[in-house]
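**Student:** Next comes upload_36.cif, mmCIF, C-alpha atoms:
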```cif
data_upload
#
loop_
_atom_site.label_atom_id
_atom_site.label_comp_id
_atom_site.auth_asym_id
_atom_site.auth_seq_id
_atom_site.Cartn_x
_atom_site.Cartn_y
_atom_site.Cartn_z
CA MET A 1 -33.75 -32.99 -11.12
CA THR A 2 -34.57 -31.53 -14.51
CA GLU A 3 -32.20 -31.74 -17.45
CA LYS A 4 -31.70 -27.99 -17.22
CA GLU A 5 -30.71 -28.16 -13.54
CA LYS A 6 -28.40 -31.07 -14.23
CA ASN A 7 -26.70 -29.22 -17.07
CA GLU A 8 -26.37 -26.13 -14.90
CA ILE A 9 -24.52 -28.07 -12.18
CA ILE A 10 -22.24 -29.73 -14.72
CA PHE A 11 -21.59 -26.38 -16.37
CA ASP A 12 -20.63 -24.78 -13.02
CA ALA A 13 -18.24 -27.61 -12.18
CA MET A 14 -16.60 -27.46 -15.59
CA LEU A 15 -16.54 -23.68 -15.50
CA LYS A 16 -14.49 -23.83 -12.30
CA ILE A 17 -11.93 -26.17 -13.86
CA ALA A 18 -11.86 -24.22 -17.10
CA VAL A 19 -11.40 -20.87 -15.33
CA MET A 20 -8.50 -22.32 -13.35
CA GLU A 21 -6.93 -23.72 -16.50
CA ALA A 22 -7.38 -20.43 -18.33
CA PHE A 23 -5.78 -18.59 -15.42
CA GLU A 24 -2.76 -20.91 -15.33
CA GLN A 25 -2.42 -20.62 -19.08
CA GLU A 26 -2.56 -16.84 -19.03
CA MET A 27 -0.05 -16.57 -16.20
CA SER A 28 2.43 -18.82 -17.99
CA GLU A 29 2.01 -16.77 -21.18
CA LEU A 30 2.85 -13.60 -19.24
CA GLY A 31 6.33 -15.01 -18.70
CA SER A 32 8.44 -15.25 -15.62
CA GLU A 33 9.24 -12.19 -13.55
CA GLY A 34 12.95 -12.64 -14.14
CA ALA A 35 12.64 -12.62 -17.94
CA GLU A 36 14.46 -9.92 -19.83
CA VAL A 37 12.21 -7.10 -20.87
CA THR A 38 13.09 -3.92 -22.70
CA ASP A 39 9.99 -1.89 -21.85
CA ARG A 40 10.37 -1.07 -18.17
CA PRO A 41 8.78 1.59 -15.98
CA SER A 42 10.82 4.74 -15.46
CA PRO A 43 12.91 5.51 -12.35
CA GLU A 44 10.34 8.23 -11.63
CA LEU A 45 7.66 5.54 -11.21
CA ASP A 46 10.03 3.59 -8.96
CA ARG A 47 10.31 6.66 -6.75
CA ARG A 48 6.56 7.31 -6.82
CA VAL A 49 5.75 3.81 -5.67
CA LYS A 50 8.49 3.92 -3.04
CA ARG A 51 6.94 7.13 -1.72
CA LEU A 52 3.51 5.45 -1.70
CA ILE A 53 4.87 2.56 0.35
CA ASP A 54 6.63 4.91 2.75
CA LYS A 55 3.54 7.11 3.03
CA SER A 56 1.35 4.14 3.86
CA TYR A 57 3.87 2.96 6.44
CA MET A 58 4.10 6.41 8.02
CA LYS A 59 0.31 6.74 8.04
CA SER A 60 0.04 3.44 9.82
CA LYS A 61 2.63 4.56 12.36
CA MET A 62 0.80 7.85 12.83
CA GLN A 63 -2.44 6.02 13.57
CA ARG A 64 -0.68 3.94 16.22
CA TYR A 65 0.86 7.15 17.55
CA LEU A 66 -2.56 8.85 17.78
CA LYS A 67 -3.97 5.88 19.65
CA LEU A 68 -1.10 6.14 22.09
CA THR A 69 -1.33 9.90 22.49
CA GLY A 70 -4.91 9.47 23.70
CA LYS A 71 -3.52 7.44 26.57
CA ILE A 72 -0.59 9.79 27.03
CA ALA A 73 -2.90 12.83 27.25
CA VAL A 74 -4.42 11.22 30.33
CA CYS A 75 -0.95 10.60 31.75
CA ILE A 76 0.05 14.21 31.16
CA CYS A 77 -3.08 15.55 32.91
CA ILE A 78 -2.27 13.42 35.90
CA ALA A 79 1.35 14.56 35.78
CA PHE A 80 0.31 18.22 35.78
CA SER A 81 -1.96 17.66 38.78
CA LEU A 82 0.91 16.20 40.72
CA ILE A 83 3.26 18.98 39.61
CA SER A 84 0.89 21.68 40.89
CA LEU A 85 1.06 20.10 44.32
CA SER A 86 4.83 19.83 44.44
CA VAL A 87 7.38 22.50 45.21
CA ARG A 88 8.87 24.61 42.42
CA ALA A 89 12.32 23.16 42.96
CA THR A 90 10.94 19.78 42.06
CA ARG A 91 9.19 21.16 38.98
CA ASN A 92 12.40 22.73 37.73
CA ALA A 93 14.45 19.58 37.76
CA ILE A 94 16.51 20.38 34.72
CA PHE A 95 16.43 17.42 32.44
CA ASN A 96 14.91 14.32 33.73
CA ALA A 97 14.48 11.95 30.89
CA ILE A 98 12.88 8.63 31.42
CA ILE A 99 12.77 6.33 28.48
CA GLU A 100 10.04 3.80 28.67
CA PHE A 101 10.36 1.22 25.97
CA GLN A 102 7.00 0.01 24.91
CA GLU A 103 6.02 -2.50 22.30
CA LYS A 104 6.37 -0.18 19.33
CA TYR A 105 7.63 3.08 20.75
CA ALA A 106 10.06 4.50 23.22
CA ARG A 107 8.58 7.39 25.20
CA VAL A 108 10.92 10.13 26.35
CA ASN A 109 9.58 12.34 29.16
CA PHE A 110 11.17 15.72 29.81
CA GLY A 111 11.21 17.84 32.90
CA ASP A 112 9.86 21.38 33.06
CA SER A 113 11.84 24.28 31.70
CA GLU A 114 11.51 27.70 30.12
CA ALA A 115 9.95 28.08 26.70
CA VAL A 116 11.83 29.26 23.64
CA ASN A 117 10.65 32.01 21.36
CA ASP A 118 13.07 31.81 18.48
CA ILE A 119 13.68 29.03 16.02
CA TYR A 120 16.96 27.17 15.87
CA ARG A 121 18.36 26.24 12.47
CA PRO A 122 21.40 24.16 11.56
CA THR A 123 24.42 25.98 10.21
CA TYR A 124 25.60 22.66 8.78
CA LEU A 125 23.64 20.48 6.36
CA PRO A 126 24.96 17.53 4.34
CA GLU A 127 25.65 18.35 0.71
CA GLY A 128 22.60 18.85 -1.49
CA PHE A 129 20.09 19.45 1.30
CA SER A 130 18.05 22.63 1.51
CA GLU A 131 15.11 23.80 3.59
CA ILE A 132 11.75 23.06 1.96
CA SER A 133 9.22 23.90 4.67
CA THR A 134 8.70 25.22 8.17
CA ALA A 135 5.49 24.42 10.04
CA LYS A 136 4.26 25.09 13.55
CA PHE A 137 2.03 22.63 15.39
CA GLY A 138 1.08 24.02 18.78
CA ASN A 139 4.38 24.87 20.42
CA THR A 140 6.36 22.55 18.14
CA VAL A 141 8.22 23.90 15.13
CA MET A 142 9.01 21.40 12.38
CA ILE A 143 11.53 22.23 9.65
CA LYS A 144 12.02 19.91 6.69
CA TYR A 145 15.11 19.66 4.52
CA SER A 146 15.25 17.71 1.31
CA LYS A 147 17.50 16.96 -1.62
CA ALA A 148 17.02 15.76 -5.18
CA ASP A 149 16.90 12.04 -4.44
CA ASP A 150 13.96 12.56 -2.03
CA ALA A 151 16.08 12.07 1.09
CA GLU A 152 14.66 14.11 3.96
CA ILE A 153 15.81 15.50 7.27
CA VAL A 154 13.19 16.67 9.76
CA LEU A 155 14.11 18.93 12.66
CA SER A 156 11.50 19.40 15.41
CA GLN A 157 11.94 21.74 18.33
CA ARG A 158 9.75 22.75 21.20
CA PRO A 159 9.96 24.17 24.71
CA ALA A 160 11.12 21.56 27.18
CA GLU A 161 7.91 21.50 29.16
CA SER A 162 6.61 18.39 30.76
CA GLY A 163 5.42 16.12 28.02
CA ALA A 164 6.35 13.12 25.97
CA LEU A 165 7.95 12.33 22.66
CA LEU A 166 7.22 9.08 20.92
CA VAL A 167 9.99 7.44 18.97
CA ASP A 168 9.56 4.41 16.78
CA ASN A 169 12.00 1.86 18.16
CA GLU A 170 10.78 -0.99 16.00
CA ASN A 171 13.81 -1.04 13.70
CA THR A 172 16.30 0.98 15.67
CA ASP A 173 19.16 0.45 18.10
CA TYR A 174 19.25 2.78 21.06
CA THR A 175 22.44 4.47 22.29
CA GLU A 176 23.34 7.59 24.23
CA VAL A 177 25.63 10.09 22.52
CA GLU A 178 26.77 13.64 23.15
CA VAL A 179 25.57 16.71 21.26
CA SER A 180 27.34 19.96 22.17
CA GLY A 181 28.04 18.64 25.65
CA ALA A 182 24.47 17.46 26.30
CA THR A 183 23.36 13.85 26.54
CA ALA A 184 21.37 12.89 23.48
CA TYR A 185 19.35 9.80 22.76
CA LEU A 186 20.10 8.20 19.42
CA PHE A 187 17.73 5.64 17.88
CA ARG A 188 19.86 4.40 15.01
CA GLY A 189 18.00 2.81 12.06
CA SER A 190 18.83 -0.87 11.62
CA SER A 191 19.11 -0.60 7.83
CA ALA A 192 19.48 2.06 5.15
CA ASP A 193 15.67 2.06 4.78
CA ASP A 194 15.04 2.80 8.45
CA THR A 195 15.12 6.27 9.88
CA SER A 196 17.38 7.31 12.74
CA THR A 197 16.20 9.73 15.42
CA LEU A 198 18.31 11.93 17.65
CA ILE A 199 16.70 13.60 20.69
CA TRP A 200 18.29 15.98 23.14
CA GLN A 201 17.65 19.05 25.18
CA ALA A 202 19.60 22.31 25.20
CA ASN A 203 18.82 25.85 26.31
CA GLY A 204 15.29 24.95 27.41
CA THR A 205 14.40 23.40 24.07
CA VAL A 206 13.86 19.78 23.10
CA PHE A 207 15.24 18.92 19.68
CA GLU A 208 14.43 15.93 17.54
CA LEU A 209 16.25 15.17 14.30
CA THR A 210 14.93 12.38 12.07
CA SER A 211 16.35 11.12 8.80
CA ARG A 212 17.74 8.14 6.90
CA ILE A 213 21.14 9.81 6.62
CA SER A 214 23.95 8.50 8.82
CA SER A 215 23.71 9.09 12.55
CA ASP A 216 27.13 10.82 12.47
CA GLU A 217 25.66 13.40 10.11
CA LEU A 218 22.64 13.80 12.40
CA ILE A 219 24.94 14.54 15.34
CA LYS A 220 26.92 16.99 13.22
CA ILE A 221 23.71 18.81 12.26
CA GLY A 222 22.59 18.81 15.88
CA GLU A 223 25.84 20.38 17.01
CA SER A 224 25.51 23.15 14.44
CA LEU A 225 22.12 24.47 15.61
CA LYS A 226 21.99 28.22 16.08
CA LYS A 227 19.18 30.75 16.54
CA MET P 1 -5.36 12.74 -5.60
CA ILE P 2 -4.43 9.30 -4.43
CA VAL P 3 -5.91 8.39 -1.08
CA LEU P 4 -4.31 5.58 0.85
CA ALA P 5 -6.68 3.54 2.96
CA MET P 6 -3.50 2.18 4.51
CA ALA P 7 -2.37 -1.36 5.02
CA ILE P 8 1.39 -1.31 5.60
CA GLU P 9 1.42 -2.07 9.28
CA ASN P 10 5.06 -2.89 9.89
CA HIS P 11 8.50 -3.34 8.44
CA ASP P 12 7.64 -6.78 6.99
CA ASP P 13 4.67 -5.32 5.12
CA ARG P 14 6.89 -2.59 3.75
CA GLU P 15 9.39 -5.19 2.53
CA LYS P 16 6.57 -7.24 1.04
CA ALA P 17 5.17 -4.26 -0.89
CA ALA P 18 8.65 -3.38 -2.16
CA GLU P 19 9.22 -6.98 -3.26
CA ILE P 20 5.90 -7.07 -5.14
CA TYR P 21 6.92 -3.92 -6.97
CA ARG P 22 10.37 -5.30 -7.72
CA LEU P 23 8.99 -8.56 -9.10
CA TYR P 24 5.93 -7.37 -10.99
CA SER P 25 6.29 -3.68 -11.88
CA THR P 26 7.50 -4.50 -15.38
CA THR P 27 4.65 -6.92 -16.04
CA MET P 28 2.15 -4.43 -14.65
CA PHE P 29 3.60 -1.64 -16.76
CA ARG P 30 3.51 -3.74 -19.94
CA ILE P 31 -0.11 -4.68 -19.37
CA ALA P 32 -1.16 -1.09 -18.64
CA LYS P 33 0.75 0.20 -21.67
CA GLY P 34 -0.82 -2.48 -23.84
CA ILE P 35 -4.24 -1.13 -22.91
CA LEU P 36 -3.54 2.60 -22.74
CA HIS P 37 -0.80 2.90 -25.43
CA ASP P 38 0.79 5.74 -23.50
CA THR P 39 3.81 5.53 -21.19
CA HIS P 40 2.72 8.24 -18.76
CA LEU P 41 -0.84 6.95 -18.47
CA ALA P 42 0.50 3.42 -18.04
CA GLU P 43 2.70 4.59 -15.18
CA ASP P 44 -0.27 6.36 -13.60
CA ALA P 45 -2.20 3.09 -13.84
CA VAL P 46 0.62 1.15 -12.18
CA SER P 47 0.87 3.74 -9.44
CA GLU P 48 -2.89 3.65 -8.85
CA ALA P 49 -2.82 -0.14 -8.93
CA PHE P 50 -0.15 -0.11 -6.29
CA VAL P 51 -2.36 1.90 -3.95
CA ARG P 52 -5.00 -0.83 -4.38
CA ILE P 53 -2.36 -3.52 -3.83
CA ILE P 54 -1.21 -1.84 -0.61
CA ASP P 55 -4.84 -1.69 0.54
CA ASN P 56 -5.14 -5.43 -0.04
CA LEU P 57 -1.67 -6.48 1.00
CA GLU P 58 -2.90 -9.04 3.50
CA LYS P 59 -4.45 -11.00 0.63
CA ILE P 60 -1.11 -11.54 -1.08
CA ASN P 61 1.00 -14.57 -0.32
CA LEU P 62 4.33 -13.99 -2.03
CA SER P 63 5.22 -17.67 -1.91
CA ASP P 64 2.44 -18.35 -4.44
CA ARG P 65 4.02 -16.51 -7.36
CA ASN P 66 1.35 -17.38 -9.93
CA LYS P 67 -1.50 -16.12 -7.79
CA THR P 68 0.43 -13.02 -6.77
CA LYS P 69 1.14 -12.25 -10.41
CA GLY P 70 -2.51 -12.90 -11.29
CA PHE P 71 -3.68 -10.65 -8.49
CA VAL P 72 -1.54 -7.66 -9.49
CA VAL P 73 -2.30 -8.19 -13.17
CA ILE P 74 -6.05 -8.22 -12.54
CA ILE P 75 -5.82 -5.00 -10.52
CA VAL P 76 -3.69 -3.07 -13.00
CA ARG P 77 -5.75 -4.31 -15.94
CA HIS P 78 -8.97 -3.24 -14.26
CA ILE P 79 -7.55 0.21 -13.52
CA ALA P 80 -6.12 0.66 -17.01
CA ILE P 81 -9.42 -0.32 -18.65
CA ASP P 82 -11.24 2.04 -16.32
CA MET P 83 -8.85 4.86 -17.23
CA LEU P 84 -9.36 4.15 -20.90
CA ARG P 85 -13.11 4.19 -20.42
CA ARG P 86 -12.93 7.52 -18.60
CA GLN P 87 -10.67 8.92 -21.29
CA LYS P 88 -12.89 7.86 -24.16
CA ARG P 89 -15.97 8.43 -22.03
CA PHE P 90 -17.30 5.04 -23.07
CA VAL P 91 -15.69 1.77 -23.95
CA PRO P 92 -18.36 -0.85 -24.31
CA LEU P 93 -18.18 -3.96 -22.22
CA ASP P 94 -19.83 -6.60 -24.37
CA ASP P 95 -23.33 -6.07 -23.12
CA HIS P 96 -24.89 -9.32 -22.04
CA SER P 97 -27.36 -7.70 -19.69
CA ASP P 98 -30.32 -8.78 -21.80
CA TYR P 99 -29.12 -12.33 -21.85
CA THR P 100 -30.82 -13.39 -18.67
CA GLU P 101 -32.70 -16.28 -20.24
CA CYS P 102 -29.61 -17.90 -21.65
CA ARG P 103 -30.04 -21.40 -23.00
CA GLU P 104 -28.17 -24.02 -21.07
CA PRO P 105 -25.28 -25.94 -22.54
CA VAL P 106 -25.66 -29.62 -23.18
CA LEU P 107 -22.63 -31.14 -21.56
CA SER P 108 -23.66 -34.58 -20.54
CA SER P 109 -23.00 -36.02 -23.96
CA LEU P 110 -19.47 -34.62 -24.13
CA ALA P 111 -16.35 -35.98 -22.51
CA SER P 112 -15.47 -33.74 -19.53
CA ASP P 113 -11.96 -33.04 -20.91
CA GLU P 114 -13.40 -31.83 -24.15
CA ALA P 115 -16.04 -29.70 -22.45
CA CYS P 116 -13.49 -28.10 -20.10
CA SER P 117 -11.21 -27.38 -22.98
CA LYS P 118 -14.02 -25.68 -24.89
CA ILE P 119 -14.97 -23.58 -21.87
CA ALA P 120 -11.31 -22.61 -21.36
CA ASP P 121 -11.08 -21.58 -25.03
CA ALA P 122 -14.22 -19.52 -24.62
CA MET P 123 -12.71 -17.93 -21.49
CA ALA P 124 -9.70 -16.80 -23.48
CA LYS P 125 -12.03 -14.93 -25.84
CA LEU P 126 -13.98 -13.24 -23.09
CA ASN P 127 -13.78 -9.54 -22.35
CA ARG P 128 -11.06 -9.02 -19.70
CA ASN P 129 -13.51 -7.47 -17.27
CA TYR P 130 -15.45 -10.71 -17.27
CA SER P 131 -12.57 -13.15 -17.18
CA ASP P 132 -10.88 -11.22 -14.36
CA ILE P 133 -13.97 -11.28 -12.17
CA LEU P 134 -14.32 -15.02 -12.80
CA TYR P 135 -10.67 -15.46 -11.79
CA LEU P 136 -11.22 -13.57 -8.56
CA LYS P 137 -14.31 -15.61 -7.77
CA THR P 138 -13.13 -19.05 -8.87
CA VAL P 139 -9.33 -19.14 -8.62
CA PHE P 140 -8.95 -16.86 -5.60
CA ASN P 141 -12.26 -17.85 -3.95
CA TYR P 142 -12.98 -14.28 -2.86
CA SER P 143 -16.39 -13.24 -1.63
CA ASN P 144 -18.31 -10.60 -3.57
CA ASP P 145 -17.46 -8.07 -0.85
CA GLU P 146 -13.75 -8.84 -1.18
CA ILE P 147 -13.92 -8.53 -4.97
CA ALA P 148 -15.70 -5.20 -4.57
CA LYS P 149 -12.85 -3.91 -2.38
CA ILE P 150 -10.12 -5.23 -4.68
CA LEU P 151 -11.63 -3.72 -7.82
CA GLY P 152 -12.97 -0.60 -6.14
CA ILE P 153 -16.54 -1.19 -7.31
CA SER P 154 -19.82 -1.73 -5.47
CA ARG P 155 -21.04 -5.12 -4.32
CA ASP P 156 -24.05 -4.78 -6.64
CA ASN P 157 -21.70 -4.13 -9.52
CA VAL P 158 -19.80 -7.32 -8.66
CA ASN P 159 -23.07 -9.31 -8.72
CA VAL P 160 -24.01 -7.84 -12.07
CA ARG P 161 -20.58 -8.46 -13.57
CA LEU P 162 -20.47 -12.06 -12.36
CA HIS P 163 -23.88 -12.69 -13.85
CA ARG P 164 -22.87 -11.06 -17.12
CA ALA P 165 -19.55 -12.91 -17.17
CA ARG P 166 -21.33 -16.21 -16.88
CA ASN P 167 -23.79 -15.29 -19.59
CA ALA P 168 -21.03 -13.94 -21.81
CA LEU P 169 -19.25 -17.24 -21.49
CA LYS P 170 -22.36 -19.16 -22.44
CA GLN P 171 -22.86 -16.86 -25.38
CA GLN P 172 -19.28 -17.45 -26.44
CA LEU P 173 -19.85 -21.18 -26.22
CA MET P 174 -23.04 -20.83 -28.19
CA LYS P 175 -21.09 -19.25 -31.03
CA GLU P 176 -19.12 -22.45 -31.22
CA ASP P 177 -22.34 -24.38 -31.08
CA ASP P 178 -20.86 -27.67 -29.90
CA LEU P 179 -22.02 -27.52 -26.35
CA TYR P 180 -25.55 -26.46 -27.13
CA ASP P 181 -28.56 -28.31 -28.12
CA ARG P 182 -29.43 -27.13 -31.59
CA LYS P 183 -33.09 -27.81 -30.90
CA GLY P 184 -32.93 -25.28 -28.10
CA LYS P 185 -31.89 -22.44 -30.39
CA LYS P 186 -34.21 -19.48 -30.59
#
```
Spit out the file's structure as C-alpha cells when you get a sec.

**Tutor:**
Amino acid sequence: MTEKEKNEIIFDAMLKIAVMEAFEQEMSELGSEGAEVTDRPSPELDRRVKRLIDKSYMKSKMQRYLKLTGKIAVCICIAFSLISLSVRATRNAIFNAIIEFQEKYARVNFGDSEAVNDIYRPTYLPEGFSEISTAKFGNTVMIKYSKADDAEIVLSQRPAESGALLVDNENTDYTEVEVSGATAYLFRGSSADDTSTLIWQANGTVFELTSRISSDELIKIGESLKK
Amino acid sequence: MIVLAMAIENHDDREKAAEIYRLYSTTMFRIAKGILHDTHLAEDAVSEAFVRIIDNLEKINLSDRNKTKGFVVIIVRHIAIDMLRRQKRFVPLDDHSDYTECREPVLSSLASDEACSKIADAMAKLNRNYSDILYLKTVFNYSNDEIAKILGISRDNVNVRLHRARNALKQQLMKEDDLYDRKGKK
C-alpha cells in the first residue's frame, strides 16, 4: 500500500467521524424544537401545509380507489349480465343495499331505479358555507361547499342504478340513521380530522354527503335537499 | 405548480407529517428566511420542502429527533438555496471541479482526535451544498439514488457534488496547512 492510499483510507475514516461530529454540532446549535422563537411561519403557511398533507392523503386514497374500481368494473359487468337474464320485477327491487366491509373500504351496492334529470341542492347549510363548484362526472353530479376556514362539504348525487359506492371506513364508525324517512348509512369520522360520510337513496337518486362537520349537521343538510 | 408524488398512505402517515410540521416548521422557516431574506419566499420554500418531505416520509423516524431535524433542515436549505440561485440566476457554488488531482492530507503523524477536529472545523466552513450532501451520505447512509430523490437532482449530479464536496474539504484543510505535507505543495 502506497503512502497516498494509506492517507486516503485514514482521511475517509476521519472524514466520517468529523462529518458526524459536525452534524451533531450543527443540530445542537439549531436549538431544541420547543425553544421560544419570535419569527414563526404565518397561519396561512400552516393552512397551506395542512392542505398539502390532506391532498397527498386523498391522492393516496384515490389511487387505492382506482385499483379497486378496476375490480369492481368486472363485478358490475357480471352483475349486468345476470340482471339481463332475470325478470324485471327482480331488477326493480327498490333499494337493496349490501354493505361489504373490505380492508379499507365499505362498498354499498344499490338496486336498479329510475334516473334523475334535475339536481338536488340543500336548502339548509351550516353558517358560513356557500357553493363553490358544481361538476358532472358521467351521471354523477358533485357540488362543493366551502367556508373561510377551508372546511368543505361535498354533495354527490346520481341515479340509483346498479353500481357501487366506495366509502373509506378506515377511521369511521358505521351506523344507520334516518334521513327524511329513508334509511341512511352514516360513516362517522373517528376524530375531528376524519371525514364523515352519509349515504342514502331517495326518489331514485343516491346521495352522498361528505365533510368534517358534525354528522348531525350532515343529516340536517340531507333532510333539506330540494330540486 | 406543486406536484405531489404522494407518500401519505394512511392515517398514521398523516399524523406523522402533521407532527413533523408542528415540531420543525419554525426551524425550517428560520433557515429559509436566513437564506432568502424574504418572508413570502421563505414560506414558499418551506411549503416546497414539505412536498419533498411527504415524498420521503418513509425515511423519517420521528423517534430520532436529531436526524429528523437534520433531514428537514437539509431539504429546506437545499430548496431555499436553489430558489435564491434561480432568483439571482447564478449563485456560485465554490467551484472545485478542477480540483481533481487534489493532494492528499498527511494524517498519520497527527493524533486522530486532532485530525478529526480539524476536519470538523473545515466542514463547518464548507459551502452548505457540500456539507449537506456529506451529511446525507455519511450520517444518514443514503445511497446516491436516495440522495438524488431527496434533493430532487440527478444521480450524476449527486456523484459530482460528492466528489466536489470531498475536494472542497481537502482544499479547506489545505488552507489551514496542518494536515498537508508542505513538500507536496504545488

**Student:** Given the PyMOL selection byres ((chain P) within 6 of (chain A)) and the file above, list the residues it selects as a PDB file with C-alpha atoms, in the frame of the given file.

**Tutor:**
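So the final result, stored in expr_0.pdb, reads:
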```pdb
ATOM      1  CA  MET P   6      -3.500   2.180   4.510  1.00  0.00           C
ATOM      2  CA  ILE P   8       1.390  -1.310   5.600  1.00  0.00           C
ATOM      3  CA  GLU P   9       1.420  -2.070   9.280  1.00  0.00           C
ATOM      4  CA  LEU P  23       8.990  -8.560  -9.100  1.00  0.00           C
ATOM      5  CA  THR P  26       7.500  -4.500 -15.380  1.00  0.00           C
ATOM      6  CA  CYS P 116     -13.490 -28.100 -20.100  1.00  0.00           C
ATOM      7  CA  ILE P 119     -14.970 -23.580 -21.870  1.00  0.00           C
ATOM      8  CA  ALA P 120     -11.310 -22.610 -21.360  1.00  0.00           C
ATOM      9  CA  VAL P 139      -9.330 -19.140  -8.620  1.00  0.00           C
TER      10      VAL P 139
END
```

**Student:** Contacts of Arg128 in chain P at 9 Å or less, counting only C-alpha atoms, minus same-chain residues fewer than 6 places along, as a PyMOL selection string?

**Tutor:** chain P and resi 74+77-78+81

**Student:** Run through the PyMOL selection byres ((chain P and resi 43) around 9) on the given coordinates and return the selected residues as a list of chain:residue names.

**Tutor:**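 That expression, the PyMOL selection byres ((chain P and resi 43) around 9), corresponds here to A:Pro41, A:Ser42, A:Leu45, P:Phe29, P:Ala32, P:Lys33, P:Asp38, P:Thr39, P:His40, P:Leu41, P:Ala42, P:Asp44, P:Ala45, P:Val46, P:Ser47, P:Glu48.
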
**Student:** Please produce an output containing C-alpha atoms for each residue in the selection, written as a compact mmCIF listing (two decimals), in the frame of the given file.

**Tutor:**
```txt
# COMPACT_ATOMS: atom_id res chain seq x y z
CA PRO A 41 8.78 1.59 -15.98
CA SER A 42 10.82 4.74 -15.46
CA LEU A 45 7.66 5.54 -11.21
CA PHE P 29 3.60 -1.64 -16.76
CA ALA P 32 -1.16 -1.09 -18.64
CA LYS P 33 0.75 0.20 -21.67
CA ASP P 38 0.79 5.74 -23.50
CA THR P 39 3.81 5.53 -21.19
CA HIS P 40 2.72 8.24 -18.76
CA LEU P 41 -0.84 6.95 -18.47
CA ALA P 42 0.50 3.42 -18.04
CA ASP P 44 -0.27 6.36 -13.60
CA ALA P 45 -2.20 3.09 -13.84
CA VAL P 46 0.62 1.15 -12.18
CA SER P 47 0.87 3.74 -9.44
CA GLU P 48 -2.89 3.65 -8.85
```

**Student:** Specify the axis-aligned box that encloses all atoms of range 190-205 of chain A listed in the file after padding of 4 Å on each side, stating its centre and edge lengths in Å to one decimal as JSON.

**Tutor:**
```
{"center_x": 17.0, "center_y": 12.5, "center_z": 16.1, "size_x": 13.2, "size_y": 34.7, "size_z": 30.6}
```

**Student:** Please write as a list of chain:residue names the full residue list that the PyMOL selection byres ((chain P and resi 168) around 8) yields on this file.

**Tutor:** P:Asp94, P:His96, P:Leu126, P:Tyr130, P:Arg164, P:Ala165, P:Arg166, P:Asn167, P:Leu169, P:Lys170, P:Gln171, P:Gln172

**Student:** Interatomic distance between CA of Met28 in chain P and CA of Ala192 in chain A?

**Tutor:**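 According to the coordinates, CA of Met28 in chain P and CA of Ala192 in chain A are separated by 27.1 Å.
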
**Student:** Which of these residues is nearest to Thr138 in chain P, using all atoms listed in the file: P:Val72, P:Leu162, P:Ile20, P:Ile79?

**Tutor:**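 Of all the options, P:Leu162 lies closest to Thr138 in chain P.
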
**Student:** Calculated over only C-alpha atoms, which of the candidates A:Ser211, A:Thr123, A:Thr195, A:Thr175 has the smallest distance to Ser156 in chain A?

**Tutor:** A:Ser211

**Student:** Hey, can you check how far CA of Tyr21 in chain P sits from CA of Arg212 in chain A?

**Tutor:**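 Distance between the two atoms: 21.3 Å.
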
**Student:** What does the structure give for the distance between CA of Gly138 in chain A and CA of Gln157 in chain A, in Å to one decimal?

**Tutor:**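 For CA of Gly138 in chain A relative to CA of Gln157 in chain A, the distance reads 11.1 Å.
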
**Student:** For Asn66 in chain P, which residue out of P:Val160, P:Ile31, P:Tyr24, P:Arg86 is the nearest one, using only C-alpha atoms?

**Tutor:**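 Closest to Asn66 in chain P of all the choices is P:Tyr24.
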
**Student:** So, with only C-alpha atoms as the atoms that count, which of P:Ile54, P:Ser25, P:Met174, P:Ile35 lies closest to Ala122 in chain P?

**Tutor:** P:Met174

**Student:** Dig up all the protein and nucleic acid residues within 7 Å of (18.7, 6.8, 19.5) in the file frame, using only C-alpha atoms, and format them as an NGL selection string.

**Tutor:** :A and (173-176 or 185-188 or 196-198)

**Student:** Store the residues of this selection in a file with C-alpha atoms, as a PDB file, keeping the file's coordinate frame.

**Tutor:**
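What landed in part.pdb:
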```pdb
ATOM      1  CA  ASP A 173      19.160   0.450  18.100  1.00  0.00           C
ATOM      2  CA  TYR A 174      19.250   2.780  21.060  1.00  0.00           C
ATOM      3  CA  THR A 175      22.440   4.470  22.290  1.00  0.00           C
ATOM      4  CA  GLU A 176      23.340   7.590  24.230  1.00  0.00           C
ATOM      5  CA  TYR A 185      19.350   9.800  22.760  1.00  0.00           C
ATOM      6  CA  LEU A 186      20.100   8.200  19.420  1.00  0.00           C
ATOM      7  CA  PHE A 187      17.730   5.640  17.880  1.00  0.00           C
ATOM      8  CA  ARG A 188      19.860   4.400  15.010  1.00  0.00           C
ATOM      9  CA  SER A 196      17.380   7.310  12.740  1.00  0.00           C
ATOM     10  CA  THR A 197      16.200   9.730  15.420  1.00  0.00           C
ATOM     11  CA  LEU A 198      18.310  11.930  17.650  1.00  0.00           C
TER      12      LEU A 198
END
```

**Student:** Given only C-alpha atoms as the basis, pick out the residue of P:Asn141, P:Glu19, P:Arg161, P:Ile150 nearest to Arg52 in chain P.

**Tutor:**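 Smallest distance to Arg52 in chain P is found for P:Ile150.
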
**Student:** Of the candidates A:Ile9, A:Ala202, A:Leu155, A:Ala135, which shows the shortest atom-to-atom distance to Ile221 in chain A, using all atoms listed in the file?

**Tutor:**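 Smallest distance to Ile221 in chain A is found for A:Leu155.
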